[in-house]
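Peer 1: This structure is in structure tokens; I'll ask about it shortly.
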Amino acid sequence: MIGEVLRFILFHYCIFIQHRGMGGEFDNMIVVKNMSVSYNGVKAVKRVDIMVGRGEIHGLLGLNGAGKTTTIKCLVGLLKPDYVEELKVFGINVLSSIEYRDFIGYLPEYPSLPDYLTPREFLTYLAKIRHVKTKLKERIDYMLSLFGLDEVGDKIIVELSKGLKQRIALATVFLHEPRIVILDEPFIGLDPEGQMLVKRLLSEIINSGGAALISSHMLDTVERLCGKITIIHKGRTITSGSVKELKNGKTLEEAFFSIIGHA
Ligand SMILES: Nc1ncnc2c1ncn2[C@@H]1O[C@H](COP(=O)(O)OP(=O)(O)OP(=O)(O)O)[C@@H](O)[C@H]1O
Ligand SMILES: [Mg+2]
């Protein structure tokens, strides 16, 4: 019991320190160091390294099957790597704690939503799991309105369009005011208004000292949105750095194919 209490105090003290921005190591909001992952004995990720700093929107690029989703699943605790030297989110070792989940917002590549619930019911359920304690009803109303879902907030999800479902999935990401968001193909199916909203919410997160990791094939969006990128090719990180540096005077699309071509 005393051990549990001490663990609780220590954990929240660490979080307090991180919120204050003290201690250089916590400026690394996401760290993946030398990670490999297999499915049924077949290596999908061979050597991935990613470092996302505080205040950074970081793009994760790579061709189909490169290993982006596999890497992201490890970061949010859905898959276990075969080997990794460091796997940390918000300074917390992903393999030994699940408490970091309250601080992150995660959008899966294929979000699964409960057909039989309404957006309001689903968001309320998730808000409780994510410990949104104060003004719960107001928060849900605000999120529904923010994502343009007020008119469909009380319809069952199965009746909604693809883009509206993506809006619900994104509302779940930002619901509990996460410090770090990890988004796997967030812009698929979203209209320009939805895309603009996501970009605005990402800016708010990074302006308040958070960070974002986004996998996307939309290179023009990545070019405008991200300060840094990591490119994964055939399960390996082949380059990482500032968009400006990597572009080296070219468009991001040209630079991407040139880097992949030389890998
Ligand atoms: N559940 C699974 N079982 C077996 N192999 C898998 C599974 N999921 C992914 N893979 C394999 O792992 C490799 C990496 O897949 P991953 O989904 O991480 O790629 P990705 O970069 O996200 O691709 P995309 O751009 O198409 O989403 C691929 O070879 C893929 O076929
Ligand atoms: Mg993927």
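Just remember, in the structure tokens the first chain shown is A, the second B, etc., residues are 1-based per chain, and ligands are 1-based in the order shown.
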Please write out the residues within 8 Å of ligand 2 as a ChimeraX atom specification, counting only C-alpha atoms and all ligand atoms.

Peer 2: /A:64-65,67-70,109,184-185,215

Peer 1: Would you mind telling me which residue in A:Ile168, A:Ile214, A:Leu95, A:Val52 lies nearest to ligand 1 when using only C-alpha atoms and all ligand atoms?

Peer 2: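 Ranking A:Ile168, A:Ile214, A:Leu95, A:Val52 by distance to ligand 1, first place goes to A:Ile214.
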
Peer 1: Pick out the closest residue to Arg120 of chain A from this set: A:Gly235, A:Pro108, A:Gly210, A:Gly153. Count only C-alpha atoms.

Peer 2: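 Selected residue with least distance to Arg120 of chain A: A:Gly153.
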
Peer 1: Can you tell me, as a ChimeraX atom specification, what residues are no more than 12 Å from Phe174 of chain A when counting only C-alpha atoms, ignoring any on the same chain fewer than 5 positions away?

Peer 2: /A:102-107,123,126-127,130,132,139-140,142-144,146-147,167-169,179-183,197-198,200-202,204-205,212

Peer 1: Nearest to Ile188 of chain A among A:Gly261, A:Gly249, A:Pro119, A:Pro111, with distances taken over only C-alpha atoms: which residue is it?

Peer 2: A:Pro111

Peer 1: Please provide as a list of chain:residue names all residues within 9 Å of Leu79 of chain A, with the sequence filter that same-chain residues fewer than 6 positions apart are discarded (counting only C-alpha atoms).

Peer 2: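 Here the answer would be A:Val37, A:Thr70, A:Thr71, A:Ile72, A:Lys73.
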
Peer 1: Could you work out how far atom CA of Val45 of chain A lies from atom 17 (O, counted along the ligand's line) of ligand 1, giving the answer in Å with one decimal?

Peer 2: 9.8 Å

Peer 1: With distances taken over only C-alpha atoms and all ligand atoms, which of A:Pro186, A:Ala211, A:Val84, A:Leu252 is nearest to ligand 1?

Peer 2: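 Nearest candidate to ligand 1 out of A:Pro186, A:Ala211, A:Val84, A:Leu252: A:Pro186.
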